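What's in coords_30.cif: mmCIF, C-alpha atoms, pLDDT in the B column; chains and numbers go by the auth columns
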```cif
data_target
#
loop_
_atom_site.group_PDB
_atom_site.id
_atom_site.type_symbol
_atom_site.label_atom_id
_atom_site.label_comp_id
_atom_site.label_asym_id
_atom_site.label_seq_id
_atom_site.Cartn_x
_atom_site.Cartn_y
_atom_site.Cartn_z
_atom_site.B_iso_or_equiv
_atom_site.auth_seq_id
_atom_site.auth_asym_id
ATOM 1 C CA LYS A 1 0.000 0.000 0.000 43.00 884 X
ATOM 2 C CA GLU A 2 1.392 3.388 -0.993 46.00 885 X
ATOM 3 C CA ILE A 3 1.788 6.182 1.502 46.00 886 X
ATOM 4 C CA ALA A 4 -1.187 8.522 1.181 45.00 887 X
ATOM 5 C CA GLY A 5 -0.379 11.757 -0.580 44.00 888 X
ATOM 6 C CA SER A 6 3.096 10.638 -1.633 51.00 889 X
ATOM 7 C CA ASP A 7 3.173 11.516 -5.335 52.00 890 X
ATOM 8 C CA GLU A 8 6.849 10.656 -5.524 52.00 891 X
ATOM 9 C CA ALA A 9 6.157 7.098 -4.428 47.00 892 X
ATOM 10 C CA ARG A 10 4.118 6.652 -7.643 52.00 893 X
ATOM 11 C CA GLU A 11 6.614 8.185 -10.062 54.00 894 X
ATOM 12 C CA LYS A 12 8.236 6.064 -12.728 57.00 895 X
ATOM 13 C CA PRO A 13 11.926 5.120 -12.527 53.00 896 X
ATOM 14 C CA SER A 14 12.595 7.200 -15.682 60.00 897 X
ATOM 15 C CA LYS A 15 12.683 10.325 -13.521 68.00 898 X
ATOM 16 C CA TRP A 16 15.915 9.034 -11.986 70.00 899 X
ATOM 17 C CA GLU A 17 17.714 8.007 -15.183 66.00 900 X
ATOM 18 C CA GLU A 18 19.546 11.326 -15.524 66.00 901 X
ATOM 19 C CA SER A 19 20.856 11.021 -11.955 72.00 902 X
ATOM 20 C CA GLY A 20 22.790 7.871 -12.797 78.00 903 X
ATOM 21 C CA VAL A 21 21.108 5.869 -10.034 83.00 904 X
ATOM 22 C CA ALA A 22 20.559 2.220 -10.950 86.00 905 X
ATOM 23 C CA LEU A 23 16.891 1.451 -11.618 85.00 906 X
ATOM 24 C CA GLU A 24 16.988 -1.480 -9.191 88.00 907 X
ATOM 25 C CA THR A 25 18.072 0.950 -6.475 90.00 908 X
ATOM 26 C CA VAL A 26 15.169 3.234 -7.364 90.00 909 X
ATOM 27 C CA GLY A 27 12.816 0.262 -7.230 91.00 910 X
ATOM 28 C CA MET A 28 14.167 -0.779 -3.841 92.00 911 X
ATOM 29 C CA ALA A 29 13.840 2.795 -2.558 93.00 912 X
ATOM 30 C CA ARG A 30 10.233 2.925 -3.726 92.00 913 X
ATOM 31 C CA ALA A 31 9.486 -0.357 -1.941 93.00 914 X
ATOM 32 C CA MET A 32 10.999 0.971 1.287 93.00 915 X
ATOM 33 C CA VAL A 33 8.893 4.145 1.130 92.00 916 X
ATOM 34 C CA GLN A 34 5.685 2.342 0.204 92.00 917 X
ATOM 35 C CA SER A 35 6.145 -0.241 2.966 92.00 918 X
ATOM 36 C CA GLY A 36 5.591 2.421 5.606 90.00 919 X
ATOM 37 C CA TYR A 37 7.947 0.599 7.984 90.00 920 X
ATOM 38 C CA PHE A 38 10.562 3.354 8.035 88.00 921 X
ATOM 39 C CA LYS A 39 8.768 6.479 9.251 84.00 922 X
ATOM 40 C CA ASP A 40 11.741 8.816 8.810 82.00 923 X
ATOM 41 C CA VAL A 41 11.962 8.017 5.085 88.00 924 X
ATOM 42 C CA THR A 42 9.185 9.951 3.376 88.00 925 X
ATOM 43 C CA SER A 43 10.498 10.122 -0.199 90.00 926 X
ATOM 44 C CA ILE A 44 12.276 8.003 -2.763 91.00 927 X
ATOM 45 C CA ALA A 45 15.176 10.471 -2.786 90.00 928 X
ATOM 46 C CA LYS A 46 15.745 10.041 0.953 90.00 929 X
ATOM 47 C CA ALA A 47 15.602 6.268 0.631 93.00 930 X
ATOM 48 C CA ILE A 48 18.107 6.340 -2.246 92.00 931 X
ATOM 49 C CA VAL A 49 20.620 8.313 -0.168 90.00 932 X
ATOM 50 C CA LYS A 50 20.361 5.775 2.656 91.00 933 X
ATOM 51 C CA LEU A 51 20.674 2.830 0.292 93.00 934 X
ATOM 52 C CA GLN A 52 23.657 4.306 -1.555 90.00 935 X
ATOM 53 C CA LEU A 53 25.494 5.070 1.665 88.00 936 X
ATOM 54 C CA GLY A 54 24.735 1.622 3.013 90.00 937 X
ATOM 55 C CA ALA A 55 25.952 0.004 -0.204 90.00 938 X
ATOM 56 C CA SER A 56 29.249 1.894 0.076 87.00 939 X
ATOM 57 C CA LEU A 57 29.675 0.350 3.534 87.00 940 X
ATOM 58 C CA GLY A 58 28.733 -3.132 2.344 88.00 941 X
ATOM 59 C CA ILE A 59 25.516 -3.419 4.339 89.00 942 X
ATOM 60 C CA SER A 60 22.149 -4.694 3.147 92.00 943 X
ATOM 61 C CA PRO A 61 19.212 -2.475 2.142 92.00 944 X
ATOM 62 C CA VAL A 62 17.256 -3.298 5.297 91.00 945 X
ATOM 63 C CA GLU A 63 20.304 -2.634 7.497 91.00 946 X
ATOM 64 C CA SER A 64 20.770 0.674 5.691 91.00 947 X
ATOM 65 C CA MET A 65 17.210 1.727 6.371 91.00 948 X
ATOM 66 C CA GLN A 66 17.378 0.666 10.007 88.00 949 X
ATOM 67 C CA TYR A 67 20.829 1.833 11.077 87.00 950 X
ATOM 68 C CA VAL A 68 21.790 4.725 8.785 87.00 951 X
ATOM 69 C CA HIS A 69 20.410 7.943 10.216 84.00 952 X
ATOM 70 C CA ILE A 70 20.515 11.219 8.236 82.00 953 X
ATOM 71 C CA PHE A 71 19.146 14.364 9.799 77.00 954 X
ATOM 72 C CA THR A 72 19.696 18.092 10.071 74.00 955 X
ATOM 73 C CA THR A 73 20.397 20.135 13.176 66.00 956 X
ATOM 74 C CA ASP A 74 17.638 22.176 14.799 64.00 957 X
ATOM 75 C CA SER A 75 18.738 25.232 12.835 64.00 958 X
ATOM 76 C CA GLY A 76 18.835 23.248 9.599 63.00 959 X
ATOM 77 C CA ALA A 77 22.346 24.516 8.924 67.00 960 X
ATOM 78 C CA ARG A 78 24.091 21.162 9.147 73.00 961 X
ATOM 79 C CA THR A 79 23.397 17.630 7.988 75.00 962 X
ATOM 80 C CA ASN A 80 24.554 14.682 10.083 76.00 963 X
ATOM 81 C CA ILE A 81 25.045 11.132 8.849 79.00 964 X
ATOM 82 C CA GLN A 82 25.196 8.620 11.683 82.00 965 X
ATOM 83 C CA LEU A 83 25.363 4.864 12.120 86.00 966 X
ATOM 84 C CA GLY A 84 23.715 2.953 14.937 86.00 967 X
ATOM 85 C CA TYR A 85 26.010 0.967 17.208 88.00 968 X
ATOM 86 C CA PRO A 86 24.645 -2.524 16.232 89.00 969 X
ATOM 87 C CA ILE A 87 25.761 -2.112 12.619 90.00 970 X
ATOM 88 C CA ILE A 88 29.103 -0.643 13.728 92.00 971 X
ATOM 89 C CA GLY A 89 29.860 -3.824 15.646 93.00 972 X
ATOM 90 C CA ALA A 90 28.868 -5.887 12.616 93.00 973 X
ATOM 91 C CA LEU A 91 31.091 -3.811 10.305 93.00 974 X
ATOM 92 C CA ILE A 92 34.099 -4.370 12.547 95.00 975 X
ATOM 93 C CA GLN A 93 33.639 -8.132 12.724 93.00 976 X
ATOM 94 C CA ARG A 94 32.892 -8.401 8.993 92.00 977 X
ATOM 95 C CA SER A 95 35.860 -6.270 7.959 92.00 978 X
ATOM 96 C CA GLY A 96 38.462 -9.031 8.117 92.00 979 X
ATOM 97 C CA LYS A 97 40.901 -6.355 9.336 94.00 980 X
ATOM 98 C CA TYR A 98 39.669 -5.669 12.850 96.00 981 X
ATOM 99 C CA HIS A 99 38.165 -7.536 15.764 96.00 982 X
ATOM 100 C CA PHE A 100 36.828 -6.615 19.183 97.00 983 X
ATOM 101 C CA ASP A 101 36.250 -8.561 22.386 96.00 984 X
ATOM 102 C CA VAL A 102 34.100 -7.417 25.286 96.00 985 X
ATOM 103 C CA ARG A 103 36.274 -7.711 28.378 95.00 986 X
ATOM 104 C CA GLU A 104 33.618 -6.601 30.867 96.00 987 X
ATOM 105 C CA ARG A 105 29.996 -5.537 30.496 96.00 988 X
ATOM 106 C CA THR A 106 27.842 -4.660 33.496 96.00 989 X
ATOM 107 C CA GLU A 107 25.494 -1.893 34.618 95.00 990 X
ATOM 108 C CA LYS A 108 28.538 -0.119 36.081 96.00 991 X
ATOM 109 C CA LEU A 109 31.047 -0.235 33.229 95.00 992 X
ATOM 110 C CA CYS A 110 31.891 -1.668 29.841 95.00 993 X
ATOM 111 C CA GLU A 111 35.403 -2.286 28.568 96.00 994 X
ATOM 112 C CA ILE A 112 36.181 -3.537 25.064 96.00 995 X
ATOM 113 C CA ASP A 113 39.521 -4.604 23.557 96.00 996 X
ATOM 114 C CA PHE A 114 40.223 -3.752 19.904 96.00 997 X
ATOM 115 C CA TYR A 115 42.563 -5.717 17.638 96.00 998 X
ATOM 116 C CA ARG A 116 44.084 -5.476 14.172 95.00 999 X
ATOM 117 C CA ILE A 117 44.121 -8.772 12.259 95.00 1000 X
ATOM 118 C CA LEU A 118 47.573 -9.161 10.675 95.00 1001 X
ATOM 119 C CA PRO A 119 48.137 -10.936 7.322 92.00 1002 X
ATOM 120 C CA SER A 120 49.452 -13.908 9.278 93.00 1003 X
ATOM 121 C CA GLY A 121 46.119 -14.191 11.067 92.00 1004 X
ATOM 122 C CA GLU A 122 47.608 -13.065 14.355 95.00 1005 X
ATOM 123 C CA MET A 123 45.701 -10.353 16.207 94.00 1006 X
ATOM 124 C CA LYS A 124 47.586 -7.300 17.473 95.00 1007 X
ATOM 125 C CA LYS A 125 45.922 -5.381 20.263 95.00 1008 X
ATOM 126 C CA LEU A 126 45.408 -1.730 19.384 95.00 1009 X
ATOM 127 C CA GLY A 127 43.924 -0.680 22.692 95.00 1010 X
ATOM 128 C CA SER A 128 40.876 -0.722 24.909 95.00 1011 X
ATOM 129 C CA SER A 129 37.831 1.482 25.255 95.00 1012 X
ATOM 130 C CA ARG A 130 36.065 1.902 28.594 94.00 1013 X
ATOM 131 C CA PHE A 131 32.942 3.783 29.564 94.00 1014 X
ATOM 132 C CA THR A 132 31.690 3.847 33.144 95.00 1015 X
ATOM 133 C CA ILE A 133 28.476 4.817 34.867 95.00 1016 X
ATOM 134 C CA GLU A 134 30.483 7.462 36.736 95.00 1017 X
ATOM 135 C CA LYS A 135 31.473 9.053 33.426 93.00 1018 X
ATOM 136 C CA ALA A 136 27.879 8.887 32.211 92.00 1019 X
ATOM 137 C CA THR A 137 26.730 10.548 35.418 94.00 1020 X
ATOM 138 C CA ALA A 138 29.345 13.278 35.131 92.00 1021 X
ATOM 139 C CA VAL A 139 28.174 14.294 31.656 88.00 1022 X
ATOM 140 C CA GLY A 140 24.474 14.095 32.521 90.00 1023 X
ATOM 141 C CA LEU A 141 23.528 10.990 30.535 89.00 1024 X
ATOM 142 C CA VAL A 142 22.031 8.859 33.300 90.00 1025 X
ATOM 143 C CA ASN A 143 19.045 11.172 33.672 89.00 1026 X
ATOM 144 C CA LYS A 144 17.770 10.168 30.242 87.00 1027 X
ATOM 145 C CA PRO A 145 15.015 7.517 30.194 88.00 1028 X
ATOM 146 C CA VAL A 146 16.950 5.108 27.972 86.00 1029 X
ATOM 147 C CA TRP A 147 19.932 5.220 30.341 90.00 1030 X
ATOM 148 C CA LYS A 148 17.698 4.534 33.340 90.00 1031 X
ATOM 149 C CA ALA A 149 16.083 1.584 31.576 90.00 1032 X
ATOM 150 C CA TYR A 150 19.120 0.047 29.825 91.00 1033 X
ATOM 151 C CA PRO A 151 22.382 1.212 31.475 92.00 1034 X
ATOM 152 C CA GLU A 152 24.308 -1.911 30.452 93.00 1035 X
ATOM 153 C CA VAL A 153 23.353 -1.541 26.789 91.00 1036 X
ATOM 154 C CA MET A 154 24.121 2.180 26.738 91.00 1037 X
ATOM 155 C CA LEU A 155 27.536 1.715 28.349 93.00 1038 X
ATOM 156 C CA TYR A 156 28.311 -0.939 25.746 93.00 1039 X
ATOM 157 C CA ALA A 157 27.207 1.377 22.925 91.00 1040 X
ATOM 158 C CA ARG A 158 29.447 4.167 24.212 91.00 1041 X
ATOM 159 C CA ALA A 159 32.495 1.965 24.710 93.00 1042 X
ATOM 160 C CA LEU A 160 32.057 0.406 21.260 93.00 1043 X
ATOM 161 C CA THR A 161 31.576 3.659 19.379 90.00 1044 X
ATOM 162 C CA HIS A 162 34.421 5.428 21.186 89.00 1045 X
ATOM 163 C CA GLY A 163 36.755 2.549 20.391 92.00 1046 X
ATOM 164 C CA THR A 164 35.681 2.382 16.766 92.00 1047 X
ATOM 165 C CA ARG A 165 36.332 6.064 16.243 88.00 1048 X
ATOM 166 C CA THR A 166 39.796 5.749 17.758 90.00 1049 X
ATOM 167 C CA PHE A 167 41.104 2.365 16.639 93.00 1050 X
ATOM 168 C CA CYS A 168 39.307 1.402 13.400 91.00 1051 X
ATOM 169 C CA PRO A 169 37.513 4.455 11.969 88.00 1052 X
ATOM 170 C CA GLU A 170 37.912 3.287 8.392 88.00 1053 X
ATOM 171 C CA VAL A 171 35.018 0.850 8.861 88.00 1054 X
ATOM 172 C CA LEU A 172 32.714 3.867 9.214 83.00 1055 X
ATOM 173 C CA GLY A 173 33.331 4.928 5.619 75.00 1056 X
ATOM 174 C CA GLY A 174 32.963 8.657 6.305 61.00 1057 X
ATOM 175 C CA ALA A 175 29.817 8.363 8.407 63.00 1058 X
ATOM 176 C CA GLN A 176 29.571 9.214 12.057 58.00 1059 X
ATOM 177 C CA VAL A 177 28.558 6.870 14.828 55.00 1060 X
ATOM 178 C CA SER A 178 25.517 7.531 16.923 50.00 1061 X
ATOM 179 C CA THR A 179 24.968 7.409 20.628 45.00 1062 X
ATOM 180 C CA ASP A 180 23.736 10.829 21.682 42.00 1063 X
ATOM 181 C CA GLU A 181 26.241 12.960 19.798 37.00 1064 X
ATOM 182 C CA PRO A 182 28.173 12.552 16.534 33.00 1065 X
ATOM 183 C CA TYR A 183 31.535 10.842 16.384 29.00 1066 X
ATOM 184 C CA ILE A 184 33.730 11.692 13.461 27.00 1067 X
ATOM 185 C CA ASP A 185 35.942 9.358 11.505 30.00 1068 X
ATOM 186 C CA ALA A 186 39.701 9.727 11.445 29.00 1069 X
ATOM 187 C CA GLU A 187 42.788 7.916 10.214 28.00 1070 X
ATOM 188 C CA ALA A 188 43.367 4.461 11.678 27.00 1071 X
ATOM 189 C CA ARG A 189 46.510 4.252 13.725 29.00 1072 X
ATOM 190 C CA ALA A 190 48.517 1.178 14.588 28.00 1073 X
ATOM 191 C CA VAL A 191 49.975 0.717 18.051 28.00 1074 X
ATOM 192 C CA GLU A 192 53.169 -1.297 18.303 30.00 1075 X
ATOM 193 C CA ALA A 193 52.394 -3.428 21.334 30.00 1076 X
ATOM 194 C CA GLU A 194 56.019 -4.442 21.823 34.00 1077 X
ATOM 195 C CA VAL A 195 57.079 -0.794 22.103 34.00 1078 X
ATOM 196 C CA VAL A 196 54.077 1.141 23.360 41.00 1079 X
ATOM 197 C CA GLU A 197 51.362 -0.156 25.651 51.00 1080 X
ATOM 198 C CA PRO A 198 48.068 0.010 23.741 53.00 1081 X
ATOM 199 C CA PRO A 199 46.110 3.010 24.977 58.00 1082 X
ATOM 200 C CA LEU A 200 42.989 2.893 27.076 60.00 1083 X
ATOM 201 C CA ILE A 201 40.450 5.517 26.114 58.00 1084 X
ATOM 202 C CA GLU A 202 37.561 6.691 28.239 59.00 1085 X
ATOM 203 C CA GLU A 203 36.137 9.448 26.040 54.00 1086 X
ATOM 204 C CA PRO A 204 36.307 10.315 22.332 52.00 1087 X
ATOM 205 C CA PRO A 205 39.283 12.379 21.192 49.00 1088 X
ATOM 206 C CA GLU A 206 38.562 15.943 20.183 48.00 1089 X
ATOM 207 C CA GLY A 207 39.476 18.037 17.179 46.00 1090 X
ATOM 208 C CA PHE A 208 38.163 16.053 14.236 45.00 1091 X
ATOM 209 C CA THR A 209 36.317 17.742 11.406 46.00 1092 X
ATOM 210 C CA SER A 210 33.003 16.472 10.123 48.00 1093 X
ATOM 211 C CA PRO A 211 33.388 14.534 6.842 50.00 1094 X
ATOM 212 C CA TRP A 212 29.809 14.882 5.668 45.00 1095 X
ATOM 213 C CA VAL A 213 30.644 17.730 3.254 48.00 1096 X
ATOM 214 C CA ARG A 214 32.759 15.332 1.208 50.00 1097 X
ATOM 215 C CA PHE A 215 29.863 12.891 0.975 46.00 1098 X
ATOM 216 C CA TRP A 216 27.371 15.473 -0.226 45.00 1099 X
ATOM 217 C CA THR A 217 29.853 16.977 -2.695 50.00 1100 X
ATOM 218 C CA PHE A 218 30.251 13.521 -4.229 49.00 1101 X
ATOM 219 C CA ALA A 219 26.512 12.776 -4.080 49.00 1102 X
ATOM 220 C CA LYS A 220 25.592 16.006 -5.857 50.00 1103 X
ATOM 221 C CA SER A 221 28.253 15.732 -8.565 55.00 1104 X
ATOM 222 C CA PRO A 222 27.040 14.742 -12.046 55.00 1105 X
ATOM 223 C CA PRO A 223 27.417 11.091 -13.030 51.00 1106 X
ATOM 224 C CA PRO A 224 30.543 10.274 -15.108 51.00 1107 X
ATOM 225 C CA ASP A 225 30.193 10.133 -18.876 48.00 1108 X
#
```
Kindly return the structure encoded in the file as structure tokens.
Amino acid sequence: KEIAGSDEAREKPSKWEESGVALETVGMARAMVQSGYFKDVTSIAKAIVKLQLGASLGISPVESMQYVHIFTTDSGARTNIQLGYPIIGALIQRSGKYHFDVRERTEKLCEIDFYRILPSGEMKKLGSSRFTIEKATAVGLVNKPVWKAYPEVMLYARALTHGTRTFCPEVLGGAQVSTDEPYIDAEARAVEAEVVEPPLIEEPPEGFTSPWVRFWTFAKSPPPD
């Protein structure tokens, strides 16, 4: 059943031919809009952006619709592209380059070890990411309903996303990671365990610049001849 009043949902794929978007992508986008399951996606164009970004990360159409979040700030001056923490964990484990192990996960703290998978198959520890209920309290997170209801899950989400941003940001593909605020990608860095003890991080590093402008510049550029 089509969404009432959505003229775009009834338009033919020919409208999109000049954009260079594959017709099967347009068809998939139309199906996502018409399904009504994804309330934040109200047009074929919005669905296409999600699907294209998801495809660049190697995730399925349904995963793209569920875990890729694109929104503007309250002022409308900035667009954010974020990934939910469940798909971030999946991207790490699917990458073949990185791996993570949950060392401890309780309602008081979560600590996760991050590894680089070497060509030999050996795993080199890059570092650990920890987030505690004390830290969450200090920054005012525990007053939010979701933190009161699911502290263990939220601590895990924070520890995972902080570690991903620091130790294996390339799996994010230019997107940000979502908890309550954006986390920006950066260059992956290797830590020589035999020389330097892998770092333990407790909060995201500062000073990174949002990469979303690059994405939109590419998205708006004309298709190649």
- [ ] Have a look at atom CA of X:Asp984 and atom CA of X:Ser1011 and let me know their distance in Å, one decimal.
- [x]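 Separating atom CA of X:Asp984 from atom CA of X:Ser1011 is a distance of 9.4 Å.
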- [ ] Decode the PyMOL selection byres ((chain X and resi 1012-1014) around 10) for the given file into explicit residues and return them as JSON, numbers by chain.
- [x] {"X": [985, 986, 987, 988, 991, 992, 993, 994, 995, 996, 997, 1010, 1011, 1015, 1016, 1017, 1018, 1019, 1037, 1038, 1039, 1040, 1041, 1042, 1043, 1044, 1045, 1046, 1047, 1049, 1050, 1082, 1083, 1084, 1085, 1086, 1087]}
Open item on the list: Using the chain letters and numbers from this file, what does the PyMOL selection byres ((chain X and resi 972) around 10) select? Give the answer as a PyMOL selection string.
Closed with: chain X and resi 967-971+973-977+982-983+1040+1043-1044+1047+1054
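The two atoms in question, atom CA of X:Pro1052 and atom CA of X:Tyr981, are spaced 10.4 Å apart.
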TODO: Give me, please, the distance in Å between atom CA of X:Thr908 and atom CA of X:Arg961, quoted to one decimal.
DONE: 26.2 Å
Task: Given the PyMOL selection byres ((chain X and resi 939) around 12), the residues it picks as a ChimeraX atom specification - done: /X:932-938,940-944,947,951,974,1054-1058,1098,1102
TODO: Can you work out which one of X:Thr1020, X:Ser978, X:Asn1026, X:Asn963 has the shortest atom-to-atom distance to X:Cys1051, counting all atoms listed in the file?
DONE: X:Ser978
